[in-house]
>>> print(open('data.txt').read())   # compact mmCIF, C-alpha atoms and all ligand atoms
# COMPACT_ATOMS: atom_id res chain seq x y z
CA MET W 1 0.52 15.12 9.86
CA HIS W 2 3.12 12.72 11.20
CA HIS W 3 5.24 12.22 14.27
CA PHE W 4 8.73 12.51 12.79
CA GLU W 5 10.21 15.79 13.93
CA TYR W 6 13.44 17.38 15.03
CA ARG W 7 14.03 18.14 18.66
CA ASP W 8 17.23 19.94 19.35
CA LYS W 9 18.59 19.01 15.92
CA ARG W 10 17.93 15.30 16.33
CA LEU W 11 15.20 13.49 14.42
CA TYR W 12 12.66 11.79 16.66
CA CYS W 13 9.96 9.28 15.92
CA GLU W 14 7.37 10.23 18.54
CA ASP W 15 9.45 10.35 21.76
CA VAL W 16 12.23 8.10 20.55
CA PRO W 17 15.39 9.51 18.98
CA VAL W 18 15.99 7.76 15.65
CA THR W 19 19.62 7.28 16.72
CA SER W 20 18.47 5.11 19.66
CA VAL W 21 16.66 2.75 17.31
CA VAL W 22 19.71 2.54 15.06
CA GLU W 23 21.92 1.72 18.07
CA ALA W 24 19.62 -1.23 18.75
CA VAL W 25 19.01 -2.60 15.25
CA GLY W 26 21.54 -1.03 12.88
CA THR W 27 20.85 0.18 9.35
CA PRO W 28 19.05 0.04 7.04
CA CYS W 29 15.86 -0.08 9.08
CA TYR W 30 12.25 0.88 8.61
CA LEU W 31 10.68 2.84 11.42
CA TYR W 32 6.90 3.14 11.86
CA SER W 33 5.05 5.50 14.19
CA ALA W 34 2.02 3.92 15.87
CA ALA W 35 0.59 7.34 16.80
CA THR W 36 0.75 8.42 13.15
CA LEU W 37 -0.91 5.22 11.95
CA THR W 38 -3.65 5.67 14.55
CA ARG W 39 -4.20 9.30 13.68
CA HIS W 40 -4.34 8.61 9.96
CA PHE W 41 -6.89 5.84 10.40
CA GLN W 42 -9.03 8.02 12.66
CA ALA W 43 -8.89 11.04 10.38
CA PHE W 44 -9.76 8.92 7.37
CA SER W 45 -12.62 7.07 9.01
CA GLU W 46 -14.06 10.14 10.77
CA ALA W 47 -14.16 11.99 7.46
CA PHE W 48 -17.06 9.68 6.58
CA GLU W 49 -18.94 10.28 9.85
CA GLY W 50 -22.64 9.60 9.39
CA MET W 51 -22.12 7.11 6.56
CA GLU W 52 -22.35 3.40 7.18
CA ARG W 53 -18.82 2.38 6.25
CA LEU W 54 -16.07 -0.18 6.58
CA VAL W 55 -12.51 1.05 6.13
CA CYS W 56 -10.70 -1.96 4.69
CA TYR W 57 -7.01 -1.11 4.95
CA SER W 58 -5.27 -2.21 1.76
CA ALA W 59 -2.79 -4.69 3.16
CA LYS W 60 -0.40 -4.55 0.21
CA ALA W 61 0.86 -1.11 1.27
CA ASN W 62 2.45 -2.51 4.43
CA THR W 63 1.72 -6.02 5.63
CA ASN W 64 3.73 -6.10 8.81
CA LEU W 65 1.63 -7.93 11.41
CA ALA W 66 2.03 -5.06 13.87
CA VAL W 67 0.59 -2.58 11.36
CA LEU W 68 -2.25 -4.96 10.55
CA ARG W 69 -3.01 -5.53 14.24
CA LEU W 70 -3.15 -1.80 14.89
CA PHE W 71 -5.77 -1.22 12.19
CA CYS W 72 -7.66 -4.34 13.24
CA GLN W 73 -7.87 -3.03 16.81
CA MET W 74 -9.25 0.24 15.49
CA GLY W 75 -12.18 -1.61 13.95
CA GLY W 76 -10.82 -1.63 10.42
CA GLY W 77 -11.37 -4.26 7.79
CA LEU W 78 -8.80 -5.51 5.29
CA ASP W 79 -8.45 -5.41 1.52
CA ILE W 80 -6.37 -8.37 0.37
CA VAL W 81 -5.00 -9.44 -2.96
CA SER W 82 -3.56 -12.90 -2.26
CA GLY W 83 -3.80 -15.99 -0.10
CA GLY W 84 -0.68 -14.78 1.69
CA GLU W 85 -2.36 -11.52 2.65
CA LEU W 86 -5.38 -13.45 3.88
CA PHE W 87 -3.07 -15.58 6.02
CA ARG W 88 -1.42 -12.49 7.47
CA GLY W 89 -4.74 -10.74 8.02
CA LEU W 90 -6.13 -13.70 9.97
CA LYS W 91 -2.89 -13.96 12.01
CA ALA W 92 -3.27 -10.28 12.88
CA GLY W 93 -6.79 -10.97 14.14
CA PHE W 94 -9.09 -9.60 11.42
CA PRO W 95 -12.48 -11.32 11.50
CA PRO W 96 -13.04 -12.84 8.01
CA GLY W 97 -16.31 -10.92 7.84
CA ARG W 98 -14.28 -7.71 7.55
CA ILE W 99 -12.08 -8.87 4.66
CA VAL W 100 -12.57 -8.09 0.96
CA TYR W 101 -10.55 -9.83 -1.72
CA SER W 102 -9.52 -8.03 -4.94
CA GLY W 103 -7.14 -9.04 -7.72
CA VAL W 104 -7.15 -10.13 -11.36
CA GLY W 105 -5.48 -13.48 -10.80
CA LYS W 106 -7.00 -15.32 -7.86
CA ARG W 107 -5.99 -19.00 -7.96
CA ALA W 108 -8.39 -21.81 -7.09
CA ASP W 109 -6.51 -22.63 -3.88
CA GLU W 110 -6.64 -18.99 -2.82
CA ILE W 111 -10.36 -18.84 -3.58
CA ASP W 112 -10.90 -22.01 -1.54
CA PHE W 113 -8.98 -20.56 1.41
CA ALA W 114 -11.12 -17.41 1.37
CA LEU W 115 -14.36 -19.40 0.95
CA GLU W 116 -13.45 -21.68 3.85
CA LYS W 117 -12.79 -18.68 6.07
CA GLY W 118 -15.97 -16.88 5.01
CA ILE W 119 -14.76 -13.47 3.90
CA LEU W 120 -17.10 -10.51 3.39
CA MET W 121 -16.78 -10.17 -0.39
CA PHE W 122 -14.88 -11.25 -3.48
CA ASN W 123 -14.23 -8.37 -5.84
CA VAL W 124 -14.41 -10.31 -9.08
CA GLU W 125 -12.37 -9.07 -12.02
CA SER W 126 -13.42 -11.31 -14.92
CA ILE W 127 -16.26 -13.52 -16.10
CA GLU W 128 -13.99 -16.56 -15.97
CA GLU W 129 -13.15 -15.81 -12.35
CA LEU W 130 -16.88 -15.53 -11.58
CA LYS W 131 -17.46 -18.98 -13.07
CA LEU W 132 -14.54 -20.51 -11.19
CA LEU W 133 -15.71 -18.92 -7.95
CA ASN W 134 -19.14 -20.47 -8.44
CA GLU W 135 -17.62 -23.89 -9.12
CA ARG W 136 -15.32 -23.77 -6.11
CA ALA W 137 -18.16 -22.59 -3.87
CA LYS W 138 -20.37 -25.44 -5.13
CA THR W 139 -17.62 -27.98 -4.46
CA LEU W 140 -17.14 -26.69 -0.93
CA GLY W 141 -20.86 -26.33 -0.22
CA LYS W 142 -20.57 -22.56 0.22
CA THR W 143 -22.07 -19.44 -1.28
CA ALA W 144 -19.58 -16.84 -2.48
CA PRO W 145 -20.50 -13.20 -1.76
CA VAL W 146 -19.48 -11.16 -4.80
CA ALA W 147 -19.08 -7.70 -6.21
CA LEU W 148 -17.92 -7.09 -9.75
CA ARG W 149 -14.97 -4.77 -10.06
CA VAL W 150 -16.06 -2.32 -12.71
CA ASN W 151 -13.49 -0.50 -14.76
CA PRO W 152 -15.03 2.98 -15.09
CA ASP W 153 -12.56 4.14 -17.75
CA VAL W 154 -11.39 7.35 -16.08
CA ASP W 155 -7.87 8.72 -16.10
CA PRO W 156 -6.53 8.99 -12.55
CA LYS W 157 -3.62 11.14 -13.81
CA THR W 158 -0.98 9.23 -11.93
CA HIS W 159 2.09 7.21 -12.90
CA PRO W 160 1.09 4.78 -15.69
CA TYR W 161 2.30 1.78 -13.66
CA ILE W 162 -0.19 2.53 -10.89
CA SER W 163 -3.13 3.65 -13.01
CA THR W 164 -5.77 0.92 -13.00
CA GLY W 165 -9.10 2.43 -14.06
CA LEU W 166 -8.64 2.77 -17.81
CA THR W 167 -9.93 0.12 -20.18
CA LYS W 168 -6.38 -0.39 -21.45
CA ASN W 169 -5.47 -1.59 -17.92
CA LYS W 170 -5.86 -5.24 -16.98
CA PHE W 171 -8.18 -4.49 -14.05
CA GLY W 172 -11.90 -4.93 -13.65
CA ILE W 173 -14.70 -5.47 -16.12
CA ASP W 174 -15.92 -2.69 -18.38
CA THR W 175 -19.40 -1.29 -17.88
CA GLU W 176 -21.26 -3.19 -20.58
CA ALA W 177 -19.57 -6.48 -19.76
CA ALA W 178 -20.43 -5.87 -16.10
CA VAL W 179 -24.15 -5.82 -16.92
CA GLU W 180 -23.72 -9.22 -18.57
CA GLY W 181 -21.58 -10.31 -15.62
CA TYR W 182 -24.32 -9.46 -13.12
CA ARG W 183 -26.87 -11.31 -15.28
CA LEU W 184 -24.61 -14.33 -15.21
CA ALA W 185 -23.98 -13.99 -11.47
CA ARG W 186 -27.74 -13.99 -10.86
CA SER W 187 -28.05 -17.27 -12.71
CA LEU W 188 -25.26 -19.04 -10.82
CA SER W 189 -26.27 -21.27 -7.93
CA ASN W 190 -23.40 -20.60 -5.53
CA VAL W 191 -22.66 -16.91 -5.78
CA GLN W 192 -24.60 -14.15 -4.13
CA ILE W 193 -24.46 -10.61 -5.44
CA GLN W 194 -23.49 -8.31 -2.59
CA GLY W 195 -22.09 -5.21 -4.20
CA ILE W 196 -20.21 -3.31 -6.82
CA ASP W 197 -16.58 -2.27 -6.74
CA CYS W 198 -14.00 -0.09 -8.42
CA HIS W 199 -10.44 1.06 -7.85
CA ILE W 200 -8.94 3.47 -10.35
CA GLY W 201 -5.32 3.82 -9.33
CA SER W 202 -2.93 4.97 -6.67
CA GLN W 203 -1.24 8.21 -5.53
CA ILE W 204 -4.15 10.23 -6.95
CA THR W 205 -3.79 13.88 -6.03
CA GLU W 206 -7.12 15.35 -7.21
CA SER W 207 -10.75 14.63 -6.35
CA THR W 208 -12.07 14.74 -9.91
CA PRO W 209 -11.06 11.21 -11.02
CA PHE W 210 -12.79 9.76 -7.93
CA LYS W 211 -15.93 11.80 -8.65
CA ASP W 212 -15.96 10.76 -12.31
CA ALA W 213 -15.48 7.09 -11.47
CA LEU W 214 -18.28 7.12 -8.92
CA LYS W 215 -20.60 8.95 -11.26
CA ASN W 216 -20.13 6.11 -13.75
CA LEU W 217 -20.55 3.51 -11.05
CA VAL W 218 -23.69 5.04 -9.55
CA GLY W 219 -25.17 5.34 -13.06
CA LEU W 220 -24.53 1.65 -13.53
CA VAL W 221 -26.09 0.83 -10.15
CA ASP W 222 -29.23 2.75 -11.17
CA ARG W 223 -29.41 0.83 -14.41
CA LEU W 224 -28.92 -2.48 -12.66
CA ASN W 225 -31.49 -1.60 -10.00
CA GLN W 226 -34.00 -1.03 -12.76
CA MET W 227 -33.16 -4.49 -14.04
CA GLY W 228 -34.07 -5.91 -10.64
CA PHE W 229 -30.62 -6.21 -9.11
CA SER W 230 -30.02 -4.96 -5.61
CA PHE W 231 -26.76 -4.19 -3.88
CA GLN W 232 -25.76 -3.85 -0.28
CA TYR W 233 -22.23 -2.48 -0.70
CA ILE W 234 -20.36 -0.08 -2.90
CA ASP W 235 -16.59 -0.51 -2.64
CA VAL W 236 -14.83 2.61 -3.91
CA GLY W 237 -11.30 1.21 -3.68
CA GLY W 238 -8.31 3.20 -2.47
CA GLY W 239 -5.92 5.52 -4.24
CA LEU W 240 -5.87 8.76 -2.28
CA GLY W 241 -2.40 10.26 -2.66
CA ILE W 242 -0.04 11.69 -0.07
CA THR W 243 2.57 14.44 0.03
CA TYR W 244 6.01 13.12 -0.83
CA GLY W 245 7.37 16.44 -2.06
CA ASP W 246 5.30 19.24 -3.54
CA GLU W 247 2.00 17.41 -4.12
CA SER W 248 -1.09 18.71 -2.35
CA PRO W 249 -3.62 15.88 -2.49
CA PRO W 250 -7.13 16.36 -1.13
CA LEU W 251 -7.37 15.98 2.63
CA PRO W 252 -9.50 13.05 3.81
CA ALA W 253 -12.40 15.44 4.50
CA GLU W 254 -12.34 16.77 0.93
CA TYR W 255 -12.01 13.28 -0.50
CA ALA W 256 -14.91 12.12 1.67
CA ARG W 257 -17.06 15.04 0.53
CA ALA W 258 -16.50 14.06 -3.09
CA ILE W 259 -17.50 10.47 -2.38
CA VAL W 260 -20.46 11.22 -0.15
CA GLU W 261 -21.74 13.72 -2.71
CA ALA W 262 -21.45 11.18 -5.52
CA LEU W 263 -23.35 8.59 -3.47
CA LYS W 264 -26.18 10.90 -2.46
CA GLY W 265 -29.55 9.28 -2.96
CA THR W 266 -28.23 5.72 -2.79
CA SER W 267 -28.55 3.63 0.34
CA LEU W 268 -25.42 1.62 -0.24
CA LYS W 269 -23.02 0.76 2.55
CA LEU W 270 -19.59 2.14 1.82
CA ILE W 271 -16.40 0.10 1.69
CA LEU W 272 -13.10 1.94 1.31
CA GLU W 273 -9.68 0.46 0.60
CA PRO W 274 -7.09 3.07 1.60
CA GLY W 275 -3.47 1.96 1.68
CA ARG W 276 -0.85 4.63 1.14
CA VAL W 277 -2.77 7.43 2.83
CA LEU W 278 -2.81 5.49 6.11
CA VAL W 279 0.77 4.26 6.19
CA GLY W 280 2.92 6.24 3.73
CA ASN W 281 3.88 9.13 5.95
CA ALA W 282 3.87 6.96 9.06
CA GLY W 283 7.18 5.32 8.13
CA ILE W 284 10.76 6.21 7.27
CA LEU W 285 13.74 4.22 6.07
CA VAL W 286 16.95 4.96 7.95
CA THR W 287 20.23 4.43 6.17
CA ARG W 288 23.88 5.23 6.76
CA VAL W 289 26.23 7.06 4.44
CA LEU W 290 28.98 4.65 3.46
CA TYR W 291 31.01 6.85 1.14
CA ARG W 292 31.10 10.13 -0.66
CA LYS W 293 32.36 9.96 -4.17
CA ARG W 294 32.83 12.35 -7.05
CA THR W 295 33.19 11.53 -10.73
CA LYS W 296 33.93 13.98 -13.51
CA ALA W 297 30.19 14.29 -14.10
CA LYS W 298 28.57 13.90 -10.73
CA GLU W 299 28.63 13.76 -6.99
CA PHE W 300 27.42 10.57 -5.28
CA VAL W 301 26.36 9.78 -1.74
CA VAL W 302 26.66 6.00 -1.36
CA VAL W 303 24.36 4.65 1.37
CA ASP W 304 23.69 1.21 2.81
CA ALA W 305 20.04 1.05 1.66
CA ALA W 306 19.42 0.09 -1.95
CA MET W 307 16.73 -0.54 -4.53
CA ASN W 308 16.14 -3.92 -2.94
CA ASP W 309 15.06 -2.08 0.25
CA LEU W 310 13.02 0.68 -1.39
CA ILE W 311 12.33 0.19 -5.08
CA ARG W 312 9.99 3.14 -5.66
CA PRO W 313 12.64 5.61 -6.91
CA ALA W 314 14.11 3.01 -9.31
CA LEU W 315 10.74 1.71 -10.49
CA TYR W 316 8.65 4.87 -10.78
CA ARG W 317 11.30 7.58 -10.44
CA ALA W 318 9.36 8.35 -7.27
CA TYR W 319 10.50 11.19 -5.05
CA HIS W 320 11.28 10.58 -1.37
CA GLY W 321 12.61 13.38 0.82
CA ILE W 322 16.02 12.56 2.30
CA GLN W 323 17.31 14.35 5.36
CA PRO W 324 20.09 13.94 7.91
CA VAL W 325 19.03 12.33 11.18
CA VAL W 326 21.20 14.83 13.05
CA ARG W 327 20.97 18.37 11.71
CA ALA W 328 23.92 20.71 11.52
CA SER W 329 24.50 23.97 9.71
CA ARG W 330 26.40 23.20 6.56
CA GLU W 331 26.69 23.69 2.84
CA THR W 332 24.25 22.20 0.40
CA LEU W 333 25.19 19.64 -2.17
CA ARG W 334 23.76 18.32 -5.42
CA ALA W 335 24.15 14.57 -5.60
CA ASP W 336 22.69 11.20 -6.48
CA VAL W 337 21.96 9.10 -3.41
CA VAL W 338 22.79 5.56 -4.46
CA GLY W 339 22.90 2.09 -2.95
CA PRO W 340 25.46 -0.71 -3.11
CA ILE W 341 23.65 -2.69 -5.85
CA CYS W 342 25.36 -3.27 -9.19
CA GLU W 343 22.86 -1.37 -11.33
CA SER W 344 22.75 2.25 -12.38
CA GLY W 345 19.03 2.22 -11.56
CA ASP W 346 19.93 1.71 -7.92
CA PHE W 347 19.25 5.18 -6.61
CA LEU W 348 17.12 6.63 -3.85
CA ALA W 349 17.43 10.15 -5.24
CA GLU W 350 18.79 11.67 -8.44
CA ASP W 351 20.42 15.04 -8.77
CA ARG W 352 19.13 16.01 -5.33
CA LYS W 353 19.87 19.26 -3.59
CA MET W 354 20.58 18.18 -0.04
CA ALA W 355 22.69 18.80 3.05
CA ASP W 356 26.41 18.18 2.61
CA VAL W 357 26.33 14.88 4.49
CA GLN W 358 29.46 13.06 5.58
CA GLN W 359 30.65 9.47 5.65
CA GLY W 360 29.11 7.61 8.59
CA GLU W 361 26.10 9.89 8.99
CA LEU W 362 22.54 8.65 9.23
CA LEU W 363 19.91 9.69 6.69
CA ALA W 364 16.15 9.41 6.90
CA VAL W 365 14.33 8.54 3.69
CA MET W 366 10.91 10.02 4.32
CA SER W 367 7.40 8.76 3.45
CA ALA W 368 8.58 5.17 3.17
CA GLY W 369 5.79 3.50 5.16
CA ALA W 370 3.80 2.47 2.07
CA TYR W 371 5.12 0.15 -0.64
CA GLY W 372 8.53 0.19 1.04
CA PHE W 373 9.38 -2.98 2.94
CA VAL W 374 6.61 -4.93 1.18
CA MET W 375 8.34 -4.45 -2.17
CA ALA W 376 11.78 -5.29 -0.78
CA SER W 377 13.70 -8.23 -2.19
CA ASN W 378 16.85 -10.17 -1.49
CA TYR W 379 18.49 -9.07 -4.72
CA CYS W 380 22.27 -9.33 -4.47
CA SER W 381 21.68 -11.54 -1.43
CA ARG W 382 21.01 -8.54 0.73
CA PRO W 383 19.14 -9.46 3.91
CA ARG W 384 15.93 -7.47 4.18
CA ALA W 385 15.99 -4.52 6.58
CA ALA W 386 14.74 -4.56 10.16
CA GLU W 387 11.32 -3.07 10.87
CA VAL W 388 10.61 -1.24 14.10
CA MET W 389 7.42 0.24 15.53
CA VAL W 390 7.49 3.16 17.93
CA SER W 391 4.74 4.09 20.35
CA GLY W 392 5.43 7.07 22.61
CA ASP W 393 8.80 6.48 24.22
CA ARG W 394 8.84 2.74 23.50
CA PHE W 395 9.91 0.83 20.45
CA HIS W 396 9.66 -2.76 19.37
CA VAL W 397 11.44 -4.65 16.61
CA VAL W 398 8.46 -5.91 14.63
CA ARG W 399 10.69 -7.80 12.20
CA PRO W 400 14.39 -8.33 12.81
CA ARG W 401 16.92 -7.86 10.07
CA GLU W 402 17.18 -11.05 8.04
CA THR W 403 20.21 -13.21 8.71
CA TYR W 404 22.49 -14.79 6.14
CA GLU W 405 21.06 -18.15 7.20
CA ALA W 406 17.54 -16.90 6.39
CA LEU W 407 18.75 -16.01 2.90
CA ILE W 408 19.31 -19.67 2.05
CA GLN W 409 16.44 -21.12 4.05
CA GLY W 410 14.73 -23.88 2.09
CA GLU W 411 17.38 -24.11 -0.59
CA SER W 412 19.16 -27.40 -1.17
CA ILE W 413 21.85 -28.73 -3.43
CA PRO W 414 20.61 -31.70 -5.49
CA PRO W 415 22.39 -35.03 -4.88
CA PHE W 416 23.43 -35.17 -8.55
CA LEU W 417 25.66 -32.16 -7.93
CA GLY W 418 27.46 -34.09 -5.21
N1 LIG H 1 -7.44 -1.44 -3.65
C1 LIG H 1 -6.92 -2.06 -4.72
C2 LIG H 1 -7.75 -3.00 -5.48
C3 LIG H 1 -5.59 -1.79 -5.12
O1 LIG H 1 -5.08 -2.41 -6.19
C4 LIG H 1 -4.82 -0.87 -4.37
C5 LIG H 1 -3.44 -0.58 -4.76
C6 LIG H 1 -5.40 -0.26 -3.25
C7 LIG H 1 -6.72 -0.56 -2.91
C8 LIG H 1 -4.66 0.71 -2.38
O2 LIG H 1 -4.29 1.85 -3.07
P1 LIG H 1 -3.63 3.08 -2.29
O3 LIG H 1 -4.68 3.65 -1.37
O4 LIG H 1 -2.47 2.57 -1.54
O5 LIG H 1 -3.27 4.01 -3.36
N2 LIG H 1 3.56 0.07 -5.56
C9 LIG H 1 2.95 1.31 -5.97
C10 LIG H 1 1.47 1.37 -5.62
C11 LIG H 1 0.67 0.23 -6.19
C12 LIG H 1 -0.79 0.25 -5.80
C13 LIG H 1 -1.48 -0.99 -6.18
N3 LIG H 1 -2.85 -1.09 -5.77
C14 LIG H 1 3.73 2.47 -5.37
O6 LIG H 1 4.73 2.22 -4.70
O7 LIG H 1 3.39 3.63 -5.59
>>> encode(input="data.txt", output="structure tokens")
Amino acid sequence: MHHFEYRDKRLYCEDVPVTSVVEAVGTPCYLYSAATLTRHFQAFSEAFEGMERLVCYSAKANTNLAVLRLFCQMGGGLDIVSGGELFRGLKAGFPPGRIVYSGVGKRADEIDFALEKGILMFNVESIEELKLLNERAKTLGKTAPVALRVNPDVDPKTHPYISTGLTKNKFGIDTEAAVEGYRLARSLSNVQIQGIDCHIGSQITESTPFKDALKNLVGLVDRLNQMGFSFQYIDVGGGLGITYGDESPPLPAEYARAIVEALKGTSLKLILEPGRVLVGNAGILVTRVLYRKRTKAKEFVVVDAAMNDLIRPALYRAYHGIQPVVRASRETLRADVVGPICESGDFLAEDRKMADVQQGELLAVMSAGAYGFVMASNYCSRPRAAEVMVSGDRFHVVRPRETYEALIQGESIPPFLG
């Protein structure tokens, strides 16, 4: 459920016509619906009613401060993967005690930052990281709360680039090594074992991989309990998919049932790290048609958003619905929707059956709230798009379009070049 709908042929975000936002900020622009974000968070969290839980929004999906603040105000925690995300999370107001830190490559300075702030838990992904964490904590006179991220070796059946729970992936520690890891953790002076963690991948559209992963994890917890270890938290990661086109992923309630069922009999507090499911369908990317163009082989719709604005189609051949902002009755067309960048991979849609749109028209690229702006770059010196948040009949520019000056900020020409 989201709040992007047509009223009298015009696309609205909540009570704001998309055209009004474009008049104010131009294109391309990202548009987020606060009501949708709120609803998604509520639905997700309420699905686990009765369980002691902390919903740690996975910041990487959309790190705009406004989005972070909204989830913070709703009582959410934060899943971070870098010092930069910690910085943003703190700016948005998250108490450090609600932040968990995952990632295979935490640097010493990032570890120090998180130790100084006193985050809830480090999800440790290697034995070497565990040792470094202990050393840094000792140096700073702190104790690091840890969980080991276990790689449960299940196939999440998603795009290989976003599958993370197979032993061929770089993530986590496999089950046997995790037992050794916990033994080591117990012997280290400045780490404290708090929990166990896993995350198997993203855009997962079935419950089974989650069930299988948790079965492995709970089995491991039992084994470790028998060895005298005790855990407060189980962090089940994120990964629940959304509908971009014809997928029908489990609803939060069904997903929650699978998890609650798998955890039956344990008294662990639940940590969840949803990203996409909270923000994906709460955002769109609005772009303008620059040109129509036909070659001998194909029809093209050239728009002013490109792979630097939304890289998912180019990177994963991901599908995003594309629809006119103002509807009219017209013919359909089969075309590639492409951006201005000098690469053939620069497309938002390939061979897409769509409305016969005209030069100058506005198009909405749907389901762009997750892994959209956050993966944007300045490739081809294209300023990054504006971001706008709507709430009811109000909207606010939560990040203005970058200026040309911003593109060169910090750069300098060395004196030896004159
Ligand atoms: N927790 C950890 C440790 C993660 O690595 C991720 C995502 C999440 C939680 C959140 O997963 P979600 O609920 O959003 O599926 N750029 C890709 C997605 C990469 C996901 C990386 N990790 C895309 O555009 O599809």
>>> atom_distance(input="data.txt", atom1="CA of Thr243 in chain W", atom2="CA of Arg399 in chain W")
26.6 Å
>>> residues_near_ligand(input="data.txt", ligand="ligand LIG 1 (chain H)", cutoff="6 Å", atoms="only C-alpha atoms and all ligand atoms", output="compact mmCIF listing (two decimals) with C-alpha atoms, in the frame of the given file")
# COMPACT_ATOMS: atom_id res chain seq x y z
CA SER W 58 -5.27 -2.21 1.76
CA ALA W 61 0.86 -1.11 1.27
CA SER W 102 -9.52 -8.03 -4.94
CA ILE W 162 -0.19 2.53 -10.89
CA HIS W 199 -10.44 1.06 -7.85
CA SER W 202 -2.93 4.97 -6.67
CA GLN W 203 -1.24 8.21 -5.53
CA GLY W 237 -11.30 1.21 -3.68
CA GLY W 238 -8.31 3.20 -2.47
CA GLY W 239 -5.92 5.52 -4.24
CA LEU W 240 -5.87 8.76 -2.28
CA GLU W 273 -9.68 0.46 0.60
CA PRO W 274 -7.09 3.07 1.60
CA GLY W 275 -3.47 1.96 1.68
CA ARG W 276 -0.85 4.63 1.14
CA VAL W 277 -2.77 7.43 2.83
CA ARG W 312 9.99 3.14 -5.66
CA TYR W 371 5.12 0.15 -0.64
>>> closest_residue(input="data.txt", among="W:Gly84, W:Gly418, W:Gly50, W:Pro96", to="Cys72 in chain W", atoms="only C-alpha atoms")
W:Pro96
>>> atom_distance(input="data.txt", atom1="CA of Leu133 in chain W", atom2="CA of Lys170 in chain W")
19.1 Å
>>> atom_distance(input="data.txt", atom1="CA of Cys29 in chain W", atom2="CA of Ala306 in chain W")
11.6 Å
>>> residues_near_point(input="data.txt", point="(30.3, 10.2, -0.5)", cutoff="9 Å", atoms="all atoms listed in the file", output="PyMOL selection string")
chain W and resi 289-294+299-303+337+357-359
>>> residues_near_point(input="data.txt", point="(-3.2, -16.0, -7.8)", cutoff="12 Å", atoms="only C-alpha atoms", output="ChimeraX atom specification")
/W:80-85,101-113,129
>>> write_last_selection(input="data.txt", atoms="C-alpha atoms", output="PDB file, in the frame of the given file")
ATOM      1  CA  ILE W  80      -6.370  -8.370   0.370  1.00  0.00           C
ATOM      2  CA  VAL W  81      -5.000  -9.440  -2.960  1.00  0.00           C
ATOM      3  CA  SER W  82      -3.560 -12.900  -2.260  1.00  0.00           C
ATOM      4  CA  GLY W  83      -3.800 -15.990  -0.100  1.00  0.00           C
ATOM      5  CA  GLY W  84      -0.680 -14.780   1.690  1.00  0.00           C
ATOM      6  CA  GLU W  85      -2.360 -11.520   2.650  1.00  0.00           C
ATOM      7  CA  TYR W 101     -10.550  -9.830  -1.720  1.00  0.00           C
ATOM      8  CA  SER W 102      -9.520  -8.030  -4.940  1.00  0.00           C
ATOM      9  CA  GLY W 103      -7.140  -9.040  -7.720  1.00  0.00           C
ATOM     10  CA  VAL W 104      -7.150 -10.130 -11.360  1.00  0.00           C
ATOM     11  CA  GLY W 105      -5.480 -13.480 -10.800  1.00  0.00           C
ATOM     12  CA  LYS W 106      -7.000 -15.320  -7.860  1.00  0.00           C
ATOM     13  CA  ARG W 107      -5.990 -19.000  -7.960  1.00  0.00           C
ATOM     14  CA  ALA W 108      -8.390 -21.810  -7.090  1.00  0.00           C
ATOM     15  CA  ASP W 109      -6.510 -22.630  -3.880  1.00  0.00           C
ATOM     16  CA  GLU W 110      -6.640 -18.990  -2.820  1.00  0.00           C
ATOM     17  CA  ILE W 111     -10.360 -18.840  -3.580  1.00  0.00           C
ATOM     18  CA  ASP W 112     -10.900 -22.010  -1.540  1.00  0.00           C
ATOM     19  CA  PHE W 113      -8.980 -20.560   1.410  1.00  0.00           C
ATOM     20  CA  GLU W 129     -13.150 -15.810 -12.350  1.00  0.00           C
TER      21      GLU W 129
END
>>> closest_atom_pairs(input="data.txt", of="range 148-230 of chain W", to="range 246-257 of chain W", cutoff="8 Å", atoms="all atoms listed in the file", output="JSON lines")
{"residue": "W:Ile204", "atom": "CA", "partner": "W:Pro249", "partner_atom": "CA", "distance": 7.2}
{"residue": "W:Thr205", "atom": "CA", "partner": "W:Pro249", "partner_atom": "CA", "distance": 4.1}
{"residue": "W:Glu206", "atom": "CA", "partner": "W:Pro249", "partner_atom": "CA", "distance": 5.9}
{"residue": "W:Ser207", "atom": "CA", "partner": "W:Tyr255", "partner_atom": "CA", "distance": 6.1}
>>> write_last_selection(input="data.txt", atoms="C-alpha atoms", output="mmCIF file, in the frame of the given file")
data_model
loop_
_atom_site.group_PDB
_atom_site.id
_atom_site.type_symbol
_atom_site.label_atom_id
_atom_site.label_comp_id
_atom_site.auth_asym_id
_atom_site.auth_seq_id
_atom_site.Cartn_x
_atom_site.Cartn_y
_atom_site.Cartn_z
ATOM 1 C CA ILE W 204 -4.150 10.230 -6.950
ATOM 2 C CA THR W 205 -3.790 13.880 -6.030
ATOM 3 C CA GLU W 206 -7.120 15.350 -7.210
ATOM 4 C CA SER W 207 -10.750 14.630 -6.350
#
>>> residues_around(input="data.txt", residues="Thr19 in chain W", least_positions_apart="3", cutoff="9 Å", atoms="only C-alpha atoms", output="list of chain:residue names")
W:Arg10, W:Leu11, W:Tyr12, W:Val16, W:Val22, W:Glu23, W:Ala24, W:Val325, W:Val326, W:Leu362
>>> residues_around(input="data.txt", residues="Arg53 in chain W", least_positions_apart="2", cutoff="12 Å", atoms="all atoms listed in the file", output="NGL selection string")
:W and (44-51 or 55-56 or 75-77 or 98 or 232-236 or 256 or 259-260 or 267-273)
>>> closest_residue(input="data.txt", among="W:Asn281, W:Thr287, W:Gln323, W:Asn308", to="Thr36 in chain W", atoms="all atoms listed in the file")
W:Asn281
>>> closest_residue(input="data.txt", among="W:Lys298, W:Ala35, W:Leu363, W:Gly201", to="Ala335 in chain W", atoms="all atoms listed in the file")
W:Lys298
